[in-house]
>>> print(open('upload.cif').read())   # mmCIF, C-alpha atoms
data_protein
#
loop_
_atom_site.label_atom_id
_atom_site.label_comp_id
_atom_site.auth_asym_id
_atom_site.auth_seq_id
_atom_site.Cartn_x
_atom_site.Cartn_y
_atom_site.Cartn_z
CA MET A 9 195.58 50.67 114.31
CA LEU A 10 192.89 50.76 116.96
CA GLU A 11 193.13 54.50 117.22
CA GLU A 12 192.66 54.85 113.47
CA LEU A 13 189.55 52.67 113.60
CA LEU A 14 188.13 54.70 116.45
CA MET A 15 188.76 57.96 114.62
CA ALA A 16 187.19 56.56 111.44
CA ALA A 17 184.14 55.41 113.40
CA ALA A 18 183.87 58.78 115.07
CA ALA A 19 184.16 60.56 111.73
CA THR A 20 181.53 58.27 110.27
CA GLY A 21 179.24 58.95 113.20
CA VAL A 22 179.69 62.69 112.88
CA ALA A 23 179.00 62.48 109.15
CA ALA A 24 175.91 60.39 109.78
CA VAL A 25 174.63 62.84 112.37
CA ALA A 26 175.28 65.74 110.01
CA TYR A 27 173.52 63.90 107.19
CA VAL A 28 170.52 63.10 109.35
CA GLY A 29 170.40 66.68 110.57
CA ALA A 30 170.44 67.96 106.99
CA ALA A 31 167.97 65.41 105.69
CA ALA A 32 165.51 65.27 108.56
CA ARG A 33 162.27 67.25 108.23
CA VAL A 34 159.16 67.50 110.39
CA VAL A 35 155.78 68.10 108.81
CA LYS A 36 153.09 69.40 111.17
CA GLN A 37 149.63 67.93 111.44
CA TYR A 38 147.94 70.74 109.49
CA GLU A 39 150.62 70.71 106.75
CA ARG A 40 151.57 68.54 103.80
CA GLY A 41 155.08 68.23 102.32
CA VAL A 42 155.78 68.41 98.58
CA VAL A 43 159.25 67.26 97.49
CA PHE A 44 160.95 68.48 94.31
CA ARG A 45 164.08 66.60 93.17
CA PHE A 46 166.11 68.61 90.70
CA GLY A 47 163.01 70.68 89.99
CA ARG A 48 160.69 67.75 89.32
CA LEU A 49 157.83 66.64 91.52
CA ARG A 50 158.97 63.66 93.57
CA GLY A 51 156.55 60.90 94.50
CA GLN A 52 153.55 61.45 96.69
CA VAL A 53 152.85 64.22 99.13
CA ARG A 54 154.58 63.67 102.48
CA ALA A 55 152.21 63.04 105.35
CA PRO A 56 152.51 64.77 108.75
CA GLY A 57 155.34 63.59 110.98
CA PHE A 58 159.05 62.87 110.55
CA THR A 59 160.36 62.51 107.00
CA MET A 60 163.72 62.38 105.23
CA ILE A 61 164.97 64.01 102.04
CA VAL A 62 168.27 63.93 100.16
CA PRO A 63 170.28 67.00 101.12
CA ALA A 64 171.30 69.36 98.31
CA VAL A 65 169.13 67.33 95.93
CA ASP A 66 165.57 67.52 97.24
CA ARG A 67 163.55 70.58 98.18
CA LEU A 68 160.65 70.21 100.61
CA HIS A 69 157.79 72.72 100.41
CA LYS A 70 155.24 72.74 103.20
CA VAL A 71 151.67 73.66 102.29
CA ASN A 72 149.19 74.77 104.92
CA MET A 73 145.95 72.79 104.71
CA GLN A 74 143.97 74.92 107.17
CA ILE A 75 140.95 76.99 106.15
CA VAL A 76 142.08 80.45 105.10
CA THR A 77 139.86 83.46 105.85
CA MET A 78 140.47 86.10 103.20
CA PRO A 79 138.65 89.46 103.23
CA VAL A 80 137.73 90.80 99.82
CA PRO A 81 138.32 94.57 99.49
CA ALA A 82 135.23 96.70 98.97
CA GLN A 83 134.25 96.82 95.32
CA GLU A 84 132.28 99.72 93.85
CA GLY A 85 129.86 99.03 91.03
CA ILE A 86 126.50 99.91 89.48
CA THR A 87 123.60 97.54 89.99
CA ARG A 88 121.18 96.49 87.30
CA ASP A 89 118.75 99.23 88.39
CA ASN A 90 121.48 101.92 88.11
CA VAL A 91 122.40 102.41 91.77
CA THR A 92 126.03 102.91 92.78
CA VAL A 93 127.00 100.68 95.74
CA ARG A 94 130.11 99.47 97.54
CA VAL A 95 130.13 95.80 98.56
CA ASP A 96 132.75 93.91 100.55
CA ALA A 97 132.84 90.18 101.27
CA VAL A 98 134.88 87.43 102.89
CA VAL A 99 136.01 84.12 101.35
CA TYR A 100 136.74 80.88 103.24
CA PHE A 101 138.85 78.39 101.30
CA ARG A 102 141.38 75.62 101.88
CA VAL A 103 143.91 73.58 99.91
CA VAL A 104 142.79 70.04 99.09
CA ASP A 105 145.71 69.07 96.82
CA ALA A 106 149.08 70.45 97.94
CA ALA A 107 150.94 69.40 94.78
CA GLU A 108 148.38 71.05 92.46
CA ALA A 109 148.38 74.24 94.55
CA LEU A 110 152.15 74.56 94.05
CA VAL A 111 152.38 73.44 90.43
CA ARG A 112 149.22 74.87 88.82
CA VAL A 113 149.38 78.45 90.07
CA GLU A 114 152.22 80.68 91.20
CA ASP A 115 150.48 82.08 94.30
CA TYR A 116 147.12 80.49 94.98
CA LYS A 117 146.18 83.01 97.69
CA PHE A 118 146.72 85.98 95.40
CA ALA A 119 144.88 84.18 92.59
CA VAL A 120 141.85 83.49 94.79
CA SER A 121 141.85 87.12 96.00
CA GLN A 122 141.85 88.56 92.48
CA MET A 123 139.22 86.11 91.29
CA ALA A 124 137.00 86.98 94.26
CA GLN A 125 137.21 90.71 93.49
CA THR A 126 136.35 90.16 89.84
CA SER A 127 133.44 87.85 90.67
CA LEU A 128 132.10 90.29 93.25
CA ARG A 129 132.01 93.12 90.69
CA SER A 130 130.25 90.81 88.26
CA ILE A 131 127.63 89.89 90.87
CA ILE A 132 126.99 93.58 91.60
CA GLY A 133 126.34 94.32 87.93
CA LYS A 134 123.92 91.40 87.56
CA SER A 135 121.85 92.07 90.69
CA ASP A 136 119.25 94.61 91.76
CA LEU A 137 119.56 96.71 94.87
CA ASP A 138 116.74 94.82 96.59
CA ASP A 139 118.58 91.53 96.00
CA LEU A 140 121.79 92.90 97.54
CA LEU A 141 119.90 94.06 100.63
CA SER A 142 117.43 91.24 101.24
CA ASN A 143 118.43 88.18 99.19
CA ARG A 144 122.07 87.77 100.18
CA GLU A 145 121.94 84.00 100.63
CA LYS A 146 121.22 83.47 96.95
CA LEU A 147 123.99 85.89 95.96
CA ASN A 148 126.42 84.12 98.28
CA GLN A 149 125.68 80.80 96.58
CA GLY A 150 126.13 82.30 93.13
CA LEU A 151 129.42 83.92 94.14
CA GLU A 152 130.63 80.64 95.61
CA LEU A 153 129.91 78.81 92.36
CA MET A 154 131.76 81.46 90.36
CA LEU A 155 134.84 81.08 92.56
CA ASP A 156 134.77 77.30 92.94
CA SER A 157 134.78 76.50 89.21
CA PRO A 158 138.34 77.72 88.42
CA ALA A 159 139.71 77.17 91.93
CA ILE A 160 139.11 73.42 91.88
CA GLY A 161 141.69 73.11 89.11
CA TRP A 162 144.27 74.79 91.37
CA GLY A 163 143.83 72.27 94.17
CA VAL A 164 141.80 74.82 96.17
CA GLN A 165 138.26 74.35 97.43
CA ILE A 166 135.96 77.29 98.27
CA ASP A 167 134.10 76.47 101.48
CA ARG A 168 131.97 79.59 101.88
CA VAL A 169 131.53 83.14 100.59
CA GLU A 170 129.72 85.81 102.59
CA ILE A 171 128.78 89.38 101.61
CA LYS A 172 129.56 91.45 104.70
CA ASP A 173 128.27 94.94 104.00
CA VAL A 174 126.54 96.98 101.29
CA SER A 175 127.27 100.71 101.43
CA LEU A 176 124.75 103.06 99.80
CA PRO A 177 125.01 106.78 98.96
CA GLU A 178 123.49 109.18 101.48
CA THR A 179 120.85 110.36 98.98
CA MET A 180 119.72 106.77 98.43
CA LYS A 181 119.54 106.18 102.19
CA ARG A 182 117.31 109.23 102.63
CA SER A 183 115.08 108.14 99.74
CA MET A 184 114.71 104.66 101.21
CA ALA A 185 113.92 106.14 104.62
CA ARG A 186 111.17 108.31 103.12
CA GLN A 187 109.80 105.33 101.22
CA ALA A 188 109.70 103.19 104.37
CA GLU A 189 108.05 106.01 106.32
CA ALA A 190 105.39 106.49 103.63
CA ASP A 191 104.71 102.76 103.52
CA ARG A 192 104.31 102.58 107.30
CA GLU A 193 101.98 105.58 107.26
CA ARG A 194 99.91 103.94 104.52
CA ARG A 195 99.59 100.74 106.54
CA ALA A 196 98.68 102.73 109.66
CA ARG A 197 95.89 104.51 107.79
CA LEU A 198 94.57 101.25 106.39
CA ILE A 199 94.55 99.67 109.84
CA ASN A 200 92.81 102.74 111.30
CA ALA A 201 90.19 102.72 108.54
CA ASP A 202 89.57 99.01 109.04
CA ALA A 203 89.17 99.57 112.77
CA GLU A 204 86.64 102.37 112.10
CA LEU A 205 84.71 100.07 109.76
CA GLN A 206 84.56 97.27 112.31
CA ALA A 207 83.58 99.71 115.07
CA SER A 208 80.78 101.16 112.94
CA LYS A 209 79.41 97.68 112.26
CA LYS A 210 79.43 96.85 115.97
CA LEU A 211 77.78 100.18 116.81
CA ALA A 212 75.08 99.52 114.22
CA GLU A 213 74.41 96.10 115.76
CA ALA A 214 74.28 97.68 119.21
CA ALA A 215 71.83 100.30 117.95
CA HIS A 216 69.52 97.60 116.59
CA GLN A 217 69.66 95.73 119.89
CA MET A 218 68.86 98.88 121.88
CA ALA A 219 66.00 99.70 119.51
CA GLU A 220 64.43 96.35 120.31
CA ALA A 221 64.99 96.80 124.09
CA PRO A 222 64.73 100.52 125.12
CA SER A 223 65.74 99.66 128.67
CA ALA A 224 69.21 98.74 127.39
CA LEU A 225 69.76 102.39 126.50
CA GLN A 226 68.95 103.41 130.05
CA LEU A 227 71.39 100.81 131.42
CA ARG A 228 74.07 102.09 129.06
CA LEU A 229 73.39 105.62 130.25
CA LEU A 230 73.77 104.55 133.88
CA GLN A 231 77.06 102.81 133.06
CA THR A 232 78.35 106.01 131.46
CA VAL A 233 77.36 108.01 134.55
CA MET A 234 79.15 105.52 136.79
CA ALA A 235 82.29 105.71 134.63
CA VAL A 236 82.31 109.50 134.84
CA ALA A 237 81.59 109.54 138.57
CA ALA A 238 84.39 107.04 139.30
CA GLU A 239 87.01 109.60 138.37
CA LYS A 240 87.96 112.32 140.81
CA ASN A 241 86.76 115.40 138.99
CA SER A 242 84.22 118.17 139.29
CA THR A 243 82.19 117.18 136.25
CA LEU A 244 78.41 117.38 136.79
CA VAL A 245 76.39 114.94 134.67
CA LEU A 246 72.65 115.53 134.19
CA PRO A 247 71.13 112.68 132.17
CA ILE A 248 68.13 113.82 130.13
CA PRO A 249 65.76 111.17 128.73
CA VAL A 250 65.53 111.06 124.98
CA GLU A 251 61.72 110.98 125.19
CA LEU A 252 61.78 114.39 126.86
CA LEU A 253 63.81 115.83 124.02
CA ARG A 254 61.37 114.38 121.50
CA PHE A 255 58.41 115.84 123.46
CA LEU A 256 60.02 119.27 123.47
CA GLU A 257 60.70 118.99 119.78
CA ARG A 258 57.04 118.22 119.08
CA ALA A 259 55.81 120.99 121.39
CA THR A 260 57.95 123.69 119.81
CA PRO A 261 55.77 125.79 117.42
CA GLU A 262 56.82 126.02 113.85
CA PRO A 263 58.22 129.43 112.76
CA PRO A 264 55.85 131.59 110.64
CA ALA A 265 56.18 131.29 106.92
CA ALA A 266 58.15 134.05 105.30
CA ALA A 267 56.16 136.72 103.37
CA PRO A 268 56.21 136.38 99.59
CA PRO A 269 58.60 138.75 97.90
CA MET A 270 57.19 142.06 96.56
CA PRO A 271 56.72 142.22 92.80
CA PRO A 272 59.06 144.58 90.99
CA PRO A 273 57.62 148.09 90.25
CA ALA A 274 56.07 148.71 86.83
CA PRO A 275 58.24 150.64 84.38
CA LEU A 276 57.35 154.37 83.90
CA PRO A 277 55.77 155.52 80.56
CA PRO A 278 58.09 157.24 78.13
CA VAL A 279 58.23 161.07 78.40
CA GLU A 280 57.22 162.98 75.26
CA ASP A 281 59.76 165.50 73.91
CA LEU A 282 57.94 168.87 73.63
CA THR A 283 60.93 171.02 72.72
CA GLY A 284 60.62 170.39 68.99
CA PRO A 285 63.44 170.33 66.48
CA SER A 286 66.32 172.62 67.10
CA VAL A 287 66.66 175.71 64.74
CA ASP A 288 70.06 177.10 63.89
CA PRO A 289 70.25 180.94 64.16
CA ALA A 290 70.56 182.98 60.89
CA PRO A 291 74.06 184.11 60.05
CA ARG A 292 74.83 187.74 60.67
CA THR A 293 75.87 189.94 57.61
CA THR A 294 78.43 192.69 57.63
CA PRO A 295 78.60 195.86 55.40
CA GLY A 296 81.54 194.46 53.55
CA ASP A 297 79.59 191.38 52.55
CA MET A 298 76.71 193.53 51.19
CA ALA A 299 79.06 195.71 49.04
CA ALA A 300 80.47 192.60 47.50
#
>>> encode(input="upload.cif", output="structure tokens")
Amino acid sequence: MLEELLMAAAATGVAAVAYVGAAARVVKQYERGVVFRFGRLRGQVRAPGFTMIVPAVDRLHKVNMQIVTMPVPAQEGITRDNVTVRVDAVVYFRVVDAAEALVRVEDYKFAVSQMAQTSLRSIIGKSDLDDLLSNREKLNQGLELMLDSPAIGWGVQIDRVEIKDVSLPETMKRSMARQAEADRERRARLINADAELQASKKLAEAAHQMAEAPSALQLRLLQTVMAVAAEKNSTLVLPIPVELLRFLERATPEPPAAAPPMPPPAPLPPVEDLTGPSVDPAPRTTPGDMAA
């Protein structure tokens, strides 16, 4: 009798261990467990840690709650200003409701990927090329709103959307390079012209100051001579006073006035024709003409 009780207890223990082994589940910290009993959603979502289910009756599905980084394949489209571009992006999303992510959509990752590709093509068609190149933050916000509206009903939340790269045709790159070069050249010419204008104004002020104090011109001449002499060269500088040049200009005699041009010769008188009118010679007659 005792042996039968011991064997029954041992069998019960083995069955209990087997049951616990079949029913025991461990949900990790970054996961949530969703239990389906005979195909129907059972109770609340299981929290992380040790949990039990009914073997052969319940099915436990673990849903990852971490942020998923999903690259969006490059999409080719035509912008609003008729430029063909290729744009690729990356989407950061996470599951906020594990039960909705399993029940509402068959594969939430695939659904988010397809929706991101469609939204990216739509953004390309609604934007200009300048917006894609320089105003990406606004486009990222618009793309995030387009993705977040349907995804929230799937138990998925879009955290961030970033446009990674915008590929342009080679002809467009060369055109943009020429445009940038022309714009830089225009700005360089404007800066140079402005510098010339400012320099001319300063030189005019300096000229007025030197006109009031002639000795300032001599000092400036001596400074120029010192600057030239400071360099190691064989240049010979002979400063000539301006007054001497003016004296020589006044002492130079004026060139003689040019002689007036000769009047044209008078036309010759007409020559009288003394030959008279021309007389045709008389026709010669032959004997045959006279007989007739």
>>> closest_residue(input="upload.cif", among="A:Arg129, A:His216, A:His69, A:Arg254", to="Thr92 in chain A", atoms="only C-alpha atoms")
A:Arg129
>>> atom_distance(input="upload.cif", atom1="CA of Val62 in chain A", atom2="CA of Val111 in chain A")
20.9 Å
>>> residues_around(input="upload.cif", residues="range 165-173 of chain A", least_positions_apart="3", cutoff="6 Å", atoms="all atoms listed in the file", output="list in words")
Val95, Asp96, Ala97, Val98, Val99, Tyr100, Phe101, Arg102, Asn148, Glu152, Asp156 and Ile160 of chain A
>>> write_last_selection(input="upload.cif", atoms="C-alpha atoms", output="mmCIF file, in the coordinates of the input")
data_model
loop_
_atom_site.group_PDB
_atom_site.id
_atom_site.type_symbol
_atom_site.label_atom_id
_atom_site.label_comp_id
_atom_site.auth_asym_id
_atom_site.auth_seq_id
_atom_site.Cartn_x
_atom_site.Cartn_y
_atom_site.Cartn_z
ATOM 1 C CA VAL A 95 130.130 95.800 98.560
ATOM 2 C CA ASP A 96 132.750 93.910 100.550
ATOM 3 C CA ALA A 97 132.840 90.180 101.270
ATOM 4 C CA VAL A 98 134.880 87.430 102.890
ATOM 5 C CA VAL A 99 136.010 84.120 101.350
ATOM 6 C CA TYR A 100 136.740 80.880 103.240
ATOM 7 C CA PHE A 101 138.850 78.390 101.300
ATOM 8 C CA ARG A 102 141.380 75.620 101.880
ATOM 9 C CA ASN A 148 126.420 84.120 98.280
ATOM 10 C CA GLU A 152 130.630 80.640 95.610
ATOM 11 C CA ASP A 156 134.770 77.300 92.940
ATOM 12 C CA ILE A 160 139.110 73.420 91.880
#
>>> closest_residue(input="upload.cif", among="A:Tyr116, A:Pro79, A:Glu145, A:Val42", to="Arg67 in chain A", atoms="only C-alpha atoms")
A:Val42
>>> resolve_selection(input="upload.cif", expression="the PyMOL selection byres ((chain A and resi 93) around 7)", output="list of chain:residue names")
A:Glu84, A:Gly85, A:Ile86, A:Val91, A:Thr92, A:Arg94, A:Val95, A:Val174, A:Ser175, A:Leu176
>>> atom_distance(input="upload.cif", atom1="CA of Leu137 in chain A", atom2="CA of Met184 in chain A")
11.3 Å
>>> atom_distance(input="upload.cif", atom1="CA of Arg54 in chain A", atom2="CA of Arg112 in chain A")
18.5 Å
>>> residues_around(input="upload.cif", residues="range 106-109 of chain A", least_positions_apart="6", cutoff="12 Å", atoms="all atoms listed in the file", output="VMD selection string")
chain A and resid 38 to 44 48 to 55 68 to 74 115 to 120 159 to 165
>>> residues_around(input="upload.cif", residues="Val28 in chain A", least_positions_apart="5", cutoff="10 Å", atoms="only C-alpha atoms", output="MDAnalysis selection string")
chainID A and resid 22:23 33 60:63
>>> resolve_selection(input="upload.cif", expression="the PyMOL selection byres ((chain A and resi 135) around 6)", output="list in words")
Thr87, Arg88, Ile132, Gly133, Lys134 and Asp136 of chain A
>>> build_atoms(input="upload.cif", residues="range 211-222 of chain A", atoms="all heavy atoms", output="CSV table (one decimal), keeping the file's coordinate frame")
chain,number,residue,atom,x,y,z
A,211,LEU,N,78.7,99.2,116.3
A,211,LEU,CA,77.8,100.2,116.8
A,211,LEU,C,76.4,100.0,116.2
A,211,LEU,O,75.4,100.3,116.8
A,211,LEU,CB,78.4,101.6,116.6
A,211,LEU,CG,79.6,102.0,117.4
A,211,LEU,CD1,80.1,103.3,117.0
A,211,LEU,CD2,79.2,102.0,118.9
A,212,ALA,N,76.4,99.7,114.9
A,212,ALA,CA,75.1,99.5,114.2
A,212,ALA,C,74.3,98.3,114.8
A,212,ALA,O,73.1,98.4,115.1
A,212,ALA,CB,75.3,99.3,112.7
A,213,GLU,N,75.1,97.2,115.1
A,213,GLU,CA,74.4,96.1,115.8
A,213,GLU,C,73.9,96.5,117.1
A,213,GLU,O,72.8,96.1,117.6
A,213,GLU,CB,75.4,94.9,115.8
A,213,GLU,CG,75.8,94.4,114.5
A,213,GLU,CD,76.8,93.3,114.6
A,213,GLU,OE1,77.2,92.9,115.8
A,213,GLU,OE2,77.3,92.7,113.6
A,214,ALA,N,74.7,97.3,117.9
A,214,ALA,CA,74.3,97.7,119.2
A,214,ALA,C,73.0,98.6,119.1
A,214,ALA,O,72.1,98.5,120.0
A,214,ALA,CB,75.4,98.4,119.9
A,215,ALA,N,73.0,99.4,118.1
A,215,ALA,CA,71.8,100.3,118.0
A,215,ALA,C,70.6,99.5,117.7
A,215,ALA,O,69.5,99.8,118.2
A,215,ALA,CB,72.1,101.3,116.8
A,216,HIS,N,70.7,98.5,116.8
A,216,HIS,CA,69.5,97.6,116.6
A,216,HIS,C,69.1,96.9,117.9
A,216,HIS,O,67.9,96.7,118.1
A,216,HIS,CB,69.9,96.6,115.5
A,216,HIS,CG,70.0,97.2,114.1
A,216,HIS,ND1,68.9,97.9,113.5
A,216,HIS,CD2,71.0,97.3,113.3
A,216,HIS,CE1,69.3,98.3,112.3
A,216,HIS,NE2,70.6,98.0,112.2
A,217,GLN,N,70.0,96.4,118.6
A,217,GLN,CA,69.7,95.7,119.9
A,217,GLN,C,69.0,96.7,120.9
A,217,GLN,O,68.0,96.3,121.5
A,217,GLN,CB,70.9,95.1,120.5
A,217,GLN,CG,71.6,94.0,119.7
A,217,GLN,CD,70.7,92.8,119.8
A,217,GLN,OE1,69.9,92.5,120.7
A,217,GLN,NE2,70.9,91.9,118.7
A,218,MET,N,69.5,97.9,121.0
A,218,MET,CA,68.9,98.9,121.9
A,218,MET,C,67.5,99.3,121.4
A,218,MET,O,66.6,99.7,122.2
A,218,MET,CB,69.8,100.1,122.0
A,218,MET,CG,71.1,99.8,122.8
A,218,MET,SD,72.1,101.2,123.0
A,218,MET,CE,73.5,100.5,123.9
A,219,ALA,N,67.3,99.3,120.0
A,219,ALA,CA,66.0,99.7,119.5
A,219,ALA,C,65.0,98.7,119.9
A,219,ALA,O,63.8,99.0,120.1
A,219,ALA,CB,66.1,99.9,118.0
A,220,GLU,N,65.4,97.4,119.9
A,220,GLU,CA,64.4,96.4,120.3
A,220,GLU,C,64.2,96.3,121.8
A,220,GLU,O,63.1,96.0,122.3
A,220,GLU,CB,65.0,95.0,119.9
A,220,GLU,CG,65.1,94.8,118.4
A,220,GLU,CD,65.7,93.5,118.0
A,220,GLU,OE1,66.1,92.7,118.9
A,220,GLU,OE2,65.9,93.2,116.8
A,221,ALA,N,65.1,96.8,122.6
A,221,ALA,CA,65.0,96.8,124.1
A,221,ALA,C,65.4,98.2,124.6
A,221,ALA,O,66.6,98.5,124.8
A,221,ALA,CB,65.9,95.7,124.7
A,222,PRO,N,64.4,99.1,124.7
A,222,PRO,CA,64.7,100.5,125.1
A,222,PRO,C,65.4,100.6,126.5
A,222,PRO,O,66.1,101.5,126.8
A,222,PRO,CB,63.4,101.2,125.1
A,222,PRO,CG,62.5,100.4,124.2
A,222,PRO,CD,63.0,99.0,124.4
